[in-house]
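This report refers to the structure that appears directly beneath it.
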Amino acid sequence: MDLARHLLRSTLGRKLIMAGTGVVLIGFVVGHLVGNLQVFEDPDRINGYAHFLQSLGPVLWLVRIFLLVCVVLHIWSATVLSLESMKARGSEPYRVKKWIGATFASRYMRGTGYVVLAFILYHLAHFTLGAAQPATFKENLPHYVMKGDYHVLGVTVVRAGAEVLDCRQMVIGGFKNPVVALFYMVAVGLLSLHLLHGAESLFQTFGWKNHSWERGLRAVVTLLCAAYFLGNLAIPGSVLLGMLR
Ligand code: HEM
């Protein structure tokens with residue numbers, strides 16, 4: 001209890017909360033992308049996967065609540081830290097110098113954060129609640145009949161012949177609208193920039209950054225963020241180009 005209070009009240013504690021929740025959220029977005037890339041495989045894959053996730057029931061809700069708590073703590077710590085540093089910089093005469101020295105990603109951290117938040121809210125209305133494009137939402141599409149079994153870690157979790165929601169057609173139907181597809185592309189681009197600076201900062205917070213490997217670390221993080229961006233871009237992009245039907 002004392003540790004939690006200390007973490008919430010001290011600047012270092014808030015930095016640790018921001019970095020720790022950042023790690024969880026990076027884990028989620030990377031895992032989500034890996035799952036989503038199954039859209040390029042046989043339809044059994046992504047539809048079996050989506051059905052399996054939905055069948056987790058209470059476990060899925062526990063994960064959702066945990067992620068929501070992480071998002072709230074991440075935004076709270078970022079806001080408080082940013083207000084604190086603005087206050088501290090108010091009395092500092094070399095503001096312009098600092099601004100020039102900052103990288104593009106770090107300067108736009110707050111802006112990209114707002115867009116990511118707006119994107120998540122739209123995305124939930126789109127694919128989880130079905131409010132954005134009801135015509136192509138799960139229940140309004142014909143069911144998909146599994147051709148084979150779907151396994152997770154060698155265990156059959158969805159059997160051949162099972163009628164499941166057609167997640168693949170929902171995603172494709174959604175991105176057939178160019179405005180929606182372009183919005184996703186821009187949002188994942190900004191999310192990747194947010195991740196780029198966030199990942200670098202968290203190494204600093206955990207004290208894993210030093211001069212000898214700073215450049216190498218930056219190169220690796222930049223490559224991973226570029227791969228993340230391209231992976232996400234590929235899904236709406238392929239639908240727009242008619243390569244995913
Ligand atoms: C092209 C990119 C993306 C595609 C195709 C996609 C697809 C989907 C789909 C189909 C669902 C609904 C799953 C279901 O209910 O069966 C979903 C849920 C979700 N997605 Fe994405 N997603 C993408 C990018 C993202 C990104 C970048 C984030 C985070 C910043 C994100 C966060 C979420 C969240 C929080 C949910 C709700 C999970 C739940 O219902 O518990 N997605 N996504």
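Naming works like this for the structure tokens: A, B, ... for the chains as they're shown, residue 1 at the start of each chain, ligands 1 onward in shown order.
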Within 12 Å of Asp166 of chain A, counting only C-alpha atoms, which residues qualify if same-chain residues fewer than 5 places away don't, as number ranges by chain? A: 39, 43-51, 127, 136-146, 171-173
Those in segment 18-177 of chain A with alpha helix (DSSP H) from DSSP, as a PDB file with N, CA and C atoms, in the first residue's frame:
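File produced: states-v9.pdb:
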```
ATOM      1  N   MET A  18       4.303   5.147 -15.921  1.00  0.00           N
ATOM      2  CA  MET A  18       4.132   5.392 -17.363  1.00  0.00           C
ATOM      3  C   MET A  18       4.893   4.338 -18.176  1.00  0.00           C
ATOM      4  N   ALA A  19       6.142   4.033 -17.733  1.00  0.00           N
ATOM      5  CA  ALA A  19       6.946   3.057 -18.476  1.00  0.00           C
ATOM      6  C   ALA A  19       6.357   1.644 -18.340  1.00  0.00           C
ATOM      7  N   GLY A  20       5.970   1.278 -17.116  1.00  0.00           N
ATOM      8  CA  GLY A  20       5.445  -0.082 -16.875  1.00  0.00           C
ATOM      9  C   GLY A  20       4.156  -0.320 -17.663  1.00  0.00           C
ATOM     10  N   THR A  21       3.227   0.659 -17.608  1.00  0.00           N
ATOM     11  CA  THR A  21       1.971   0.491 -18.354  1.00  0.00           C
ATOM     12  C   THR A  21       2.269   0.541 -19.859  1.00  0.00           C
ATOM     13  N   GLY A  22       3.305   1.321 -20.238  1.00  0.00           N
ATOM     14  CA  GLY A  22       3.704   1.382 -21.655  1.00  0.00           C
ATOM     15  C   GLY A  22       4.137   0.008 -22.144  1.00  0.00           C
ATOM     16  N   VAL A  23       4.897  -0.715 -21.312  1.00  0.00           N
ATOM     17  CA  VAL A  23       5.358  -2.059 -21.702  1.00  0.00           C
ATOM     18  C   VAL A  23       4.144  -2.977 -21.941  1.00  0.00           C
ATOM     19  N   VAL A  24       3.175  -2.910 -21.010  1.00  0.00           N
ATOM     20  CA  VAL A  24       1.977  -3.754 -21.157  1.00  0.00           C
ATOM     21  C   VAL A  24       1.250  -3.406 -22.466  1.00  0.00           C
ATOM     22  N   LEU A  25       1.104  -2.094 -22.729  1.00  0.00           N
ATOM     23  CA  LEU A  25       0.346  -1.672 -23.914  1.00  0.00           C
ATOM     24  C   LEU A  25       1.096  -2.017 -25.215  1.00  0.00           C
ATOM     25  N   ILE A  26       2.444  -1.924 -25.175  1.00  0.00           N
ATOM     26  CA  ILE A  26       3.225  -2.334 -26.357  1.00  0.00           C
ATOM     27  C   ILE A  26       2.995  -3.832 -26.596  1.00  0.00           C
ATOM     28  N   GLY A  27       3.030  -4.615 -25.498  1.00  0.00           N
ATOM     29  CA  GLY A  27       2.793  -6.068 -25.605  1.00  0.00           C
ATOM     30  C   GLY A  27       1.440  -6.328 -26.258  1.00  0.00           C
ATOM     31  N   PHE A  28       0.422  -5.549 -25.831  1.00  0.00           N
ATOM     32  CA  PHE A  28      -0.913  -5.758 -26.403  1.00  0.00           C
ATOM     33  C   PHE A  28      -0.944  -5.433 -27.892  1.00  0.00           C
ATOM     34  N   VAL A  29      -0.412  -4.239 -28.276  1.00  0.00           N
ATOM     35  CA  VAL A  29      -0.545  -3.848 -29.694  1.00  0.00           C
ATOM     36  C   VAL A  29       0.252  -4.788 -30.610  1.00  0.00           C
ATOM     37  N   VAL A  30       1.410  -5.268 -30.119  1.00  0.00           N
ATOM     38  CA  VAL A  30       2.199  -6.189 -30.952  1.00  0.00           C
ATOM     39  C   VAL A  30       1.451  -7.531 -31.087  1.00  0.00           C
ATOM     40  N   GLY A  31       0.944  -8.042 -29.962  1.00  0.00           N
ATOM     41  CA  GLY A  31       0.183  -9.304 -29.984  1.00  0.00           C
ATOM     42  C   GLY A  31      -1.046  -9.169 -30.881  1.00  0.00           C
ATOM     43  N   HIS A  32      -1.712  -8.024 -30.794  1.00  0.00           N
ATOM     44  CA  HIS A  32      -2.924  -7.780 -31.592  1.00  0.00           C
ATOM     45  C   HIS A  32      -2.582  -7.781 -33.088  1.00  0.00           C
ATOM     46  N   LEU A  33      -1.442  -7.171 -33.427  1.00  0.00           N
ATOM     47  CA  LEU A  33      -1.031  -7.136 -34.843  1.00  0.00           C
ATOM     48  C   LEU A  33      -0.740  -8.560 -35.339  1.00  0.00           C
ATOM     49  N   VAL A  34      -0.008  -9.341 -34.516  1.00  0.00           N
ATOM     50  CA  VAL A  34       0.323 -10.715 -34.929  1.00  0.00           C
ATOM     51  C   VAL A  34      -0.978 -11.500 -35.183  1.00  0.00           C
ATOM     52  N   GLY A  35      -1.952 -11.335 -34.280  1.00  0.00           N
ATOM     53  CA  GLY A  35      -3.253 -12.003 -34.464  1.00  0.00           C
ATOM     54  C   GLY A  35      -3.935 -11.511 -35.735  1.00  0.00           C
ATOM     55  N   ASN A  36      -3.926 -10.193 -35.955  1.00  0.00           N
ATOM     56  CA  ASN A  36      -4.622  -9.616 -37.112  1.00  0.00           C
ATOM     57  C   ASN A  36      -4.005 -10.024 -38.446  1.00  0.00           C
ATOM     58  N   PRO A  43      -9.169 -18.228 -44.300  1.00  0.00           N
ATOM     59  CA  PRO A  43     -10.162 -17.597 -43.410  1.00  0.00           C
ATOM     60  C   PRO A  43     -10.380 -18.340 -42.088  1.00  0.00           C
ATOM     61  N   ASP A  44     -10.117 -19.668 -42.074  1.00  0.00           N
ATOM     62  CA  ASP A  44     -10.239 -20.443 -40.820  1.00  0.00           C
ATOM     63  C   ASP A  44      -9.386 -19.829 -39.709  1.00  0.00           C
ATOM     64  N   ARG A  45      -8.239 -19.269 -40.096  1.00  0.00           N
ATOM     65  CA  ARG A  45      -7.267 -18.805 -39.088  1.00  0.00           C
ATOM     66  C   ARG A  45      -7.842 -17.644 -38.266  1.00  0.00           C
ATOM     67  N   ILE A  46      -8.140 -16.532 -38.954  1.00  0.00           N
ATOM     68  CA  ILE A  46      -8.565 -15.353 -38.185  1.00  0.00           C
ATOM     69  C   ILE A  46      -9.957 -15.557 -37.577  1.00  0.00           C
ATOM     70  N   ASN A  47     -10.824 -16.296 -38.287  1.00  0.00           N
ATOM     71  CA  ASN A  47     -12.173 -16.505 -37.740  1.00  0.00           C
ATOM     72  C   ASN A  47     -12.137 -17.459 -36.543  1.00  0.00           C
ATOM     73  N   GLY A  48     -11.271 -18.479 -36.618  1.00  0.00           N
ATOM     74  CA  GLY A  48     -11.114 -19.395 -35.482  1.00  0.00           C
ATOM     75  C   GLY A  48     -10.519 -18.662 -34.293  1.00  0.00           C
ATOM     76  N   TYR A  49      -9.544 -17.806 -34.588  1.00  0.00           N
ATOM     77  CA  TYR A  49      -8.856 -17.031 -33.538  1.00  0.00           C
ATOM     78  C   TYR A  49      -9.838 -16.082 -32.838  1.00  0.00           C
ATOM     79  N   ALA A  50     -10.634 -15.330 -33.650  1.00  0.00           N
ATOM     80  CA  ALA A  50     -11.593 -14.377 -33.068  1.00  0.00           C
ATOM     81  C   ALA A  50     -12.632 -15.127 -32.242  1.00  0.00           C
ATOM     82  N   HIS A  51     -13.077 -16.292 -32.737  1.00  0.00           N
ATOM     83  CA  HIS A  51     -14.083 -17.071 -32.007  1.00  0.00           C
ATOM     84  C   HIS A  51     -13.496 -17.563 -30.678  1.00  0.00           C
ATOM     85  N   PHE A  52     -12.245 -18.006 -30.748  1.00  0.00           N
ATOM     86  CA  PHE A  52     -11.574 -18.488 -29.527  1.00  0.00           C
ATOM     87  C   PHE A  52     -11.500 -17.353 -28.488  1.00  0.00           C
ATOM     88  N   LEU A  53     -11.088 -16.140 -28.920  1.00  0.00           N
ATOM     89  CA  LEU A  53     -10.976 -15.013 -27.974  1.00  0.00           C
ATOM     90  C   LEU A  53     -12.332 -14.717 -27.333  1.00  0.00           C
ATOM     91  N   GLN A  54     -13.382 -14.687 -28.186  1.00  0.00           N
ATOM     92  CA  GLN A  54     -14.720 -14.387 -27.649  1.00  0.00           C
ATOM     93  C   GLN A  54     -15.176 -15.467 -26.669  1.00  0.00           C
ATOM     94  N   PRO A  58     -15.207 -14.714 -19.099  1.00  0.00           N
ATOM     95  CA  PRO A  58     -14.726 -13.908 -17.962  1.00  0.00           C
ATOM     96  C   PRO A  58     -13.230 -13.573 -18.065  1.00  0.00           C
ATOM     97  N   VAL A  59     -12.422 -14.480 -18.648  1.00  0.00           N
ATOM     98  CA  VAL A  59     -10.976 -14.213 -18.774  1.00  0.00           C
ATOM     99  C   VAL A  59     -10.774 -13.009 -19.699  1.00  0.00           C
ATOM    100  N   LEU A  60     -11.558 -12.963 -20.785  1.00  0.00           N
ATOM    101  CA  LEU A  60     -11.464 -11.839 -21.724  1.00  0.00           C
ATOM    102  C   LEU A  60     -11.799 -10.533 -20.993  1.00  0.00           C
ATOM    103  N   TRP A  61     -12.814 -10.594 -20.122  1.00  0.00           N
ATOM    104  CA  TRP A  61     -13.201  -9.380 -19.383  1.00  0.00           C
ATOM    105  C   TRP A  61     -12.115  -8.939 -18.411  1.00  0.00           C
ATOM    106  N   LEU A  62     -11.465  -9.925 -17.777  1.00  0.00           N
ATOM    107  CA  LEU A  62     -10.367  -9.578 -16.852  1.00  0.00           C
ATOM    108  C   LEU A  62      -9.248  -8.874 -17.623  1.00  0.00           C
ATOM    109  N   VAL A  63      -8.921  -9.411 -18.818  1.00  0.00           N
ATOM    110  CA  VAL A  63      -7.858  -8.809 -19.638  1.00  0.00           C
ATOM    111  C   VAL A  63      -8.275  -7.395 -20.062  1.00  0.00           C
ATOM    112  N   ARG A  64      -9.557  -7.248 -20.480  1.00  0.00           N
ATOM    113  CA  ARG A  64     -10.045  -5.928 -20.900  1.00  0.00           C
ATOM    114  C   ARG A  64      -9.938  -4.915 -19.754  1.00  0.00           C
ATOM    115  N   ILE A  65     -10.348  -5.339 -18.535  1.00  0.00           N
ATOM    116  CA  ILE A  65     -10.312  -4.419 -17.381  1.00  0.00           C
ATOM    117  C   ILE A  65      -8.854  -4.044 -17.070  1.00  0.00           C
ATOM    118  N   PHE A  66      -7.959  -5.042 -17.125  1.00  0.00           N
ATOM    119  CA  PHE A  66      -6.544  -4.789 -16.855  1.00  0.00           C
ATOM    120  C   PHE A  66      -5.983  -3.775 -17.864  1.00  0.00           C
ATOM    121  N   LEU A  67      -6.314  -3.967 -19.147  1.00  0.00           N
ATOM    122  CA  LEU A  67      -5.821  -3.044 -20.184  1.00  0.00           C
ATOM    123  C   LEU A  67      -6.374  -1.642 -19.976  1.00  0.00           C
ATOM    124  N   LEU A  68      -7.655  -1.576 -19.587  1.00  0.00           N
ATOM    125  CA  LEU A  68      -8.270  -0.264 -19.361  1.00  0.00           C
ATOM    126  C   LEU A  68      -7.577   0.472 -18.211  1.00  0.00           C
ATOM    127  N   VAL A  69      -7.272  -0.276 -17.132  1.00  0.00           N
ATOM    128  CA  VAL A  69      -6.568   0.325 -15.985  1.00  0.00           C
ATOM    129  C   VAL A  69      -5.195   0.843 -16.461  1.00  0.00           C
ATOM    130  N   CYS A  70      -4.516   0.047 -17.297  1.00  0.00           N
ATOM    131  CA  CYS A  70      -3.196   0.478 -17.809  1.00  0.00           C
ATOM    132  C   CYS A  70      -3.329   1.748 -18.642  1.00  0.00           C
ATOM    133  N   VAL A  71      -4.361   1.817 -19.500  1.00  0.00           N
ATOM    134  CA  VAL A  71      -4.542   3.006 -20.347  1.00  0.00           C
ATOM    135  C   VAL A  71      -4.779   4.232 -19.456  1.00  0.00           C
ATOM    136  N   VAL A  72      -5.652   4.084 -18.447  1.00  0.00           N
ATOM    137  CA  VAL A  72      -5.981   5.223 -17.560  1.00  0.00           C
ATOM    138  C   VAL A  72      -4.717   5.674 -16.810  1.00  0.00           C
ATOM    139  N   LEU A  73      -3.966   4.714 -16.249  1.00  0.00           N
ATOM    140  CA  LEU A  73      -2.745   5.080 -15.497  1.00  0.00           C
ATOM    141  C   LEU A  73      -1.704   5.720 -16.417  1.00  0.00           C
ATOM    142  N   HIS A  74      -1.611   5.224 -17.651  1.00  0.00           N
ATOM    143  CA  HIS A  74      -0.637   5.747 -18.621  1.00  0.00           C
ATOM    144  C   HIS A  74      -0.974   7.213 -18.937  1.00  0.00           C
ATOM    145  N   ILE A  75      -2.255   7.475 -19.208  1.00  0.00           N
ATOM    146  CA  ILE A  75      -2.663   8.846 -19.554  1.00  0.00           C
ATOM    147  C   ILE A  75      -2.497   9.760 -18.335  1.00  0.00           C
ATOM    148  N   TRP A  76      -2.898   9.257 -17.157  1.00  0.00           N
ATOM    149  CA  TRP A  76      -2.799  10.072 -15.935  1.00  0.00           C
ATOM    150  C   TRP A  76      -1.340  10.443 -15.671  1.00  0.00           C
ATOM    151  N   SER A  77      -0.428   9.444 -15.677  1.00  0.00           N
ATOM    152  CA  SER A  77       0.979   9.750 -15.353  1.00  0.00           C
ATOM    153  C   SER A  77       1.588  10.667 -16.409  1.00  0.00           C
ATOM    154  N   ALA A  78       1.224  10.462 -17.694  1.00  0.00           N
ATOM    155  CA  ALA A  78       1.773  11.318 -18.757  1.00  0.00           C
ATOM    156  C   ALA A  78       1.298  12.762 -18.567  1.00  0.00           C
ATOM    157  N   THR A  79       0.018  12.922 -18.200  1.00  0.00           N
ATOM    158  CA  THR A  79      -0.528  14.274 -18.031  1.00  0.00           C
ATOM    159  C   THR A  79       0.135  14.980 -16.861  1.00  0.00           C
ATOM    160  N   VAL A  80       0.235  14.276 -15.714  1.00  0.00           N
ATOM    161  CA  VAL A  80       0.824  14.917 -14.523  1.00  0.00           C
ATOM    162  C   VAL A  80       2.297  15.257 -14.792  1.00  0.00           C
ATOM    163  N   LEU A  81       3.046  14.326 -15.401  1.00  0.00           N
ATOM    164  CA  LEU A  81       4.468  14.590 -15.674  1.00  0.00           C
ATOM    165  C   LEU A  81       4.636  15.758 -16.644  1.00  0.00           C
ATOM    166  N   SER A  82       3.749  15.819 -17.626  1.00  0.00           N
ATOM    167  CA  SER A  82       3.866  16.886 -18.611  1.00  0.00           C
ATOM    168  C   SER A  82       3.523  18.245 -17.979  1.00  0.00           C
ATOM    169  N   LEU A  83       2.511  18.271 -17.097  1.00  0.00           N
ATOM    170  CA  LEU A  83       2.174  19.532 -16.409  1.00  0.00           C
ATOM    171  C   LEU A  83       3.328  19.958 -15.508  1.00  0.00           C
ATOM    172  N   GLU A  84       3.935  18.977 -14.827  1.00  0.00           N
ATOM    173  CA  GLU A  84       5.069  19.288 -13.938  1.00  0.00           C
ATOM    174  C   GLU A  84       6.234  19.870 -14.731  1.00  0.00           C
ATOM    175  N   SER A  85       6.531  19.260 -15.902  1.00  0.00           N
ATOM    176  CA  SER A  85       7.708  19.738 -16.643  1.00  0.00           C
ATOM    177  C   SER A  85       7.416  21.098 -17.282  1.00  0.00           C
ATOM    178  N   MET A  86       6.135  21.357 -17.657  1.00  0.00           N
ATOM    179  CA  MET A  86       5.783  22.667 -18.199  1.00  0.00           C
ATOM    180  C   MET A  86       5.983  23.750 -17.132  1.00  0.00           C
ATOM    181  N   LYS A  87       5.583  23.401 -15.902  1.00  0.00           N
ATOM    182  CA  LYS A  87       5.711  24.329 -14.782  1.00  0.00           C
ATOM    183  C   LYS A  87       7.191  24.634 -14.539  1.00  0.00           C
ATOM    184  N   ALA A  88       8.013  23.547 -14.553  1.00  0.00           N
ATOM    185  CA  ALA A  88       9.449  23.714 -14.302  1.00  0.00           C
ATOM    186  C   ALA A  88      10.107  24.529 -15.407  1.00  0.00           C
ATOM    187  N   ARG A  89       9.661  24.294 -16.675  1.00  0.00           N
ATOM    188  CA  ARG A  89      10.274  25.009 -17.792  1.00  0.00           C
ATOM    189  C   ARG A  89       9.873  26.472 -17.845  1.00  0.00           C
ATOM    190  N   GLY A  90       8.740  26.795 -17.175  1.00  0.00           N
ATOM    191  CA  GLY A  90       8.256  28.174 -17.171  1.00  0.00           C
ATOM    192  C   GLY A  90       9.314  29.124 -16.654  1.00  0.00           C
ATOM    193  N   ARG A  95      14.206  27.880 -23.181  1.00  0.00           N
ATOM    194  CA  ARG A  95      13.139  27.049 -23.709  1.00  0.00           C
ATOM    195  C   ARG A  95      13.323  26.721 -25.194  1.00  0.00           C
ATOM    196  N   VAL A  96      13.707  27.733 -25.979  1.00  0.00           N
ATOM    197  CA  VAL A  96      13.822  27.554 -27.423  1.00  0.00           C
ATOM    198  C   VAL A  96      14.885  26.512 -27.757  1.00  0.00           C
ATOM    199  N   LYS A  97      16.005  26.598 -27.031  1.00  0.00           N
ATOM    200  CA  LYS A  97      17.112  25.663 -27.232  1.00  0.00           C
ATOM    201  C   LYS A  97      16.639  24.221 -27.028  1.00  0.00           C
ATOM    202  N   LYS A  98      15.871  24.022 -25.942  1.00  0.00           N
ATOM    203  CA  LYS A  98      15.408  22.673 -25.612  1.00  0.00           C
ATOM    204  C   LYS A  98      14.512  22.143 -26.713  1.00  0.00           C
ATOM    205  N   TRP A  99      13.648  23.000 -27.242  1.00  0.00           N
ATOM    206  CA  TRP A  99      12.686  22.617 -28.270  1.00  0.00           C
ATOM    207  C   TRP A  99      13.410  22.143 -29.523  1.00  0.00           C
ATOM    208  N   ILE A 100      14.477  22.893 -29.899  1.00  0.00           N
ATOM    209  CA  ILE A 100      15.229  22.526 -31.097  1.00  0.00           C
ATOM    210  C   ILE A 100      15.944  21.182 -30.883  1.00  0.00           C
ATOM    211  N   GLY A 101      16.426  20.971 -29.659  1.00  0.00           N
ATOM    212  CA  GLY A 101      17.169  19.748 -29.383  1.00  0.00           C
ATOM    213  C   GLY A 101      16.297  18.498 -29.358  1.00  0.00           C
ATOM    214  N   PHE A 104      11.738  14.762 -33.343  1.00  0.00           N
ATOM    215  CA  PHE A 104      10.385  14.956 -33.884  1.00  0.00           C
ATOM    216  C   PHE A 104       9.357  14.192 -33.042  1.00  0.00           C
ATOM    217  N   ALA A 105       9.681  12.896 -32.780  1.00  0.00           N
ATOM    218  CA  ALA A 105       8.713  12.053 -32.068  1.00  0.00           C
ATOM    219  C   ALA A 105       8.434  12.588 -30.675  1.00  0.00           C
ATOM    220  N   SER A 106       9.488  13.058 -29.960  1.00  0.00           N
ATOM    221  CA  SER A 106       9.266  13.499 -28.584  1.00  0.00           C
ATOM    222  C   SER A 106       8.466  14.791 -28.562  1.00  0.00           C
ATOM    223  N   ARG A 107       8.663  15.660 -29.562  1.00  0.00           N
ATOM    224  CA  ARG A 107       7.924  16.926 -29.599  1.00  0.00           C
ATOM    225  C   ARG A 107       6.437  16.673 -29.771  1.00  0.00           C
ATOM    226  N   MET A 109       4.728  13.926 -28.925  1.00  0.00           N
ATOM    227  CA  MET A 109       4.256  12.832 -28.064  1.00  0.00           C
ATOM    228  C   MET A 109       2.814  13.063 -27.583  1.00  0.00           C
ATOM    229  N   ARG A 110       2.550  14.285 -27.139  1.00  0.00           N
ATOM    230  CA  ARG A 110       1.207  14.567 -26.615  1.00  0.00           C
ATOM    231  C   ARG A 110       0.174  14.523 -27.747  1.00  0.00           C
ATOM    232  N   GLY A 111       0.505  15.163 -28.868  1.00  0.00           N
ATOM    233  CA  GLY A 111      -0.408  15.198 -30.013  1.00  0.00           C
ATOM    234  C   GLY A 111      -0.710  13.800 -30.530  1.00  0.00           C
ATOM    235  N   THR A 112       0.352  12.970 -30.683  1.00  0.00           N
ATOM    236  CA  THR A 112       0.130  11.613 -31.191  1.00  0.00           C
ATOM    237  C   THR A 112      -0.683  10.808 -30.173  1.00  0.00           C
ATOM    238  N   GLY A 113      -0.454  11.092 -28.874  1.00  0.00           N
ATOM    239  CA  GLY A 113      -1.212  10.406 -27.812  1.00  0.00           C
ATOM    240  C   GLY A 113      -2.707  10.688 -27.941  1.00  0.00           C
ATOM    241  N   TYR A 114      -3.077  11.953 -28.215  1.00  0.00           N
ATOM    242  CA  TYR A 114      -4.509  12.292 -28.369  1.00  0.00           C
ATOM    243  C   TYR A 114      -5.119  11.554 -29.555  1.00  0.00           C
ATOM    244  N   VAL A 115      -4.352  11.511 -30.671  1.00  0.00           N
ATOM    245  CA  VAL A 115      -4.899  10.843 -31.872  1.00  0.00           C
ATOM    246  C   VAL A 115      -5.075   9.344 -31.600  1.00  0.00           C
ATOM    247  N   VAL A 116      -4.086   8.736 -30.904  1.00  0.00           N
ATOM    248  CA  VAL A 116      -4.185   7.298 -30.601  1.00  0.00           C
ATOM    249  C   VAL A 116      -5.426   7.036 -29.739  1.00  0.00           C
ATOM    250  N   LEU A 117      -5.660   7.920 -28.765  1.00  0.00           N
ATOM    251  CA  LEU A 117      -6.833   7.754 -27.892  1.00  0.00           C
ATOM    252  C   LEU A 117      -8.120   7.853 -28.720  1.00  0.00           C
ATOM    253  N   ALA A 118      -8.188   8.859 -29.597  1.00  0.00           N
ATOM    254  CA  ALA A 118      -9.382   9.030 -30.442  1.00  0.00           C
ATOM    255  C   ALA A 118      -9.547   7.804 -31.341  1.00  0.00           C
ATOM    256  N   PHE A 119      -8.413   7.285 -31.865  1.00  0.00           N
ATOM    257  CA  PHE A 119      -8.466   6.109 -32.728  1.00  0.00           C
ATOM    258  C   PHE A 119      -9.031   4.906 -31.958  1.00  0.00           C
ATOM    259  N   ILE A 120      -8.545   4.705 -30.712  1.00  0.00           N
ATOM    260  CA  ILE A 120      -9.003   3.534 -29.933  1.00  0.00           C
ATOM    261  C   ILE A 120     -10.522   3.626 -29.713  1.00  0.00           C
ATOM    262  N   LEU A 121     -11.011   4.845 -29.403  1.00  0.00           N
ATOM    263  CA  LEU A 121     -12.453   4.994 -29.166  1.00  0.00           C
ATOM    264  C   LEU A 121     -13.235   4.669 -30.449  1.00  0.00           C
ATOM    265  N   TYR A 122     -12.735   5.179 -31.597  1.00  0.00           N
ATOM    266  CA  TYR A 122     -13.414   4.894 -32.868  1.00  0.00           C
ATOM    267  C   TYR A 122     -13.349   3.391 -33.167  1.00  0.00           C
ATOM    268  N   HIS A 123     -12.162   2.813 -32.931  1.00  0.00           N
ATOM    269  CA  HIS A 123     -11.930   1.398 -33.237  1.00  0.00           C
ATOM    270  C   HIS A 123     -12.864   0.485 -32.417  1.00  0.00           C
ATOM    271  N   CYS A 167     -15.151 -12.719 -38.867  1.00  0.00           N
ATOM    272  CA  CYS A 167     -14.313 -11.568 -38.517  1.00  0.00           C
ATOM    273  C   CYS A 167     -13.570 -11.052 -39.754  1.00  0.00           C
ATOM    274  N   ARG A 168     -13.143 -11.990 -40.603  1.00  0.00           N
ATOM    275  CA  ARG A 168     -12.357 -11.602 -41.788  1.00  0.00           C
ATOM    276  C   ARG A 168     -13.179 -10.694 -42.708  1.00  0.00           C
ATOM    277  N   GLN A 169     -14.434 -11.087 -42.955  1.00  0.00           N
ATOM    278  CA  GLN A 169     -15.267 -10.256 -43.838  1.00  0.00           C
ATOM    279  C   GLN A 169     -15.617  -8.927 -43.187  1.00  0.00           C
ATOM    280  N   MET A 170     -15.694  -8.928 -41.842  1.00  0.00           N
ATOM    281  CA  MET A 170     -15.984  -7.669 -41.146  1.00  0.00           C
ATOM    282  C   MET A 170     -14.832  -6.678 -41.366  1.00  0.00           C
ATOM    283  N   VAL A 171     -13.602  -7.173 -41.220  1.00  0.00           N
ATOM    284  CA  VAL A 171     -12.425  -6.306 -41.391  1.00  0.00           C
ATOM    285  C   VAL A 171     -12.350  -5.816 -42.843  1.00  0.00           C
ATOM    286  N   ILE A 172     -12.522  -6.752 -43.790  1.00  0.00           N
ATOM    287  CA  ILE A 172     -12.429  -6.370 -45.205  1.00  0.00           C
ATOM    288  C   ILE A 172     -13.553  -5.380 -45.562  1.00  0.00           C
ATOM    289  N   GLY A 173     -14.763  -5.691 -45.096  1.00  0.00           N
ATOM    290  CA  GLY A 173     -15.920  -4.807 -45.372  1.00  0.00           C
ATOM    291  C   GLY A 173     -15.663  -3.408 -44.820  1.00  0.00           C
ATOM    292  N   GLY A 174     -15.073  -3.344 -43.639  1.00  0.00           N
ATOM    293  CA  GLY A 174     -14.798  -2.042 -43.002  1.00  0.00           C
ATOM    294  C   GLY A 174     -13.823  -1.220 -43.827  1.00  0.00           C
ATOM    295  N   PHE A 175     -12.759  -1.861 -44.312  1.00  0.00           N
ATOM    296  CA  PHE A 175     -11.709  -1.125 -45.023  1.00  0.00           C
ATOM    297  C   PHE A 175     -12.024  -0.886 -46.502  1.00  0.00           C
TER     298      PHE A 175
END
```
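Nearest residue to ligand 1 among A:Thr156, A:Gln38, A:Thr222, A:Ser10 is A:Gln38, counting only C-alpha atoms and all ligand atoms.
Rounded to one decimal, atom 1 (C, counted along the ligand's line) of ligand 1 and atom CA of Leu241 of chain A lie 14.4 Å from each other.
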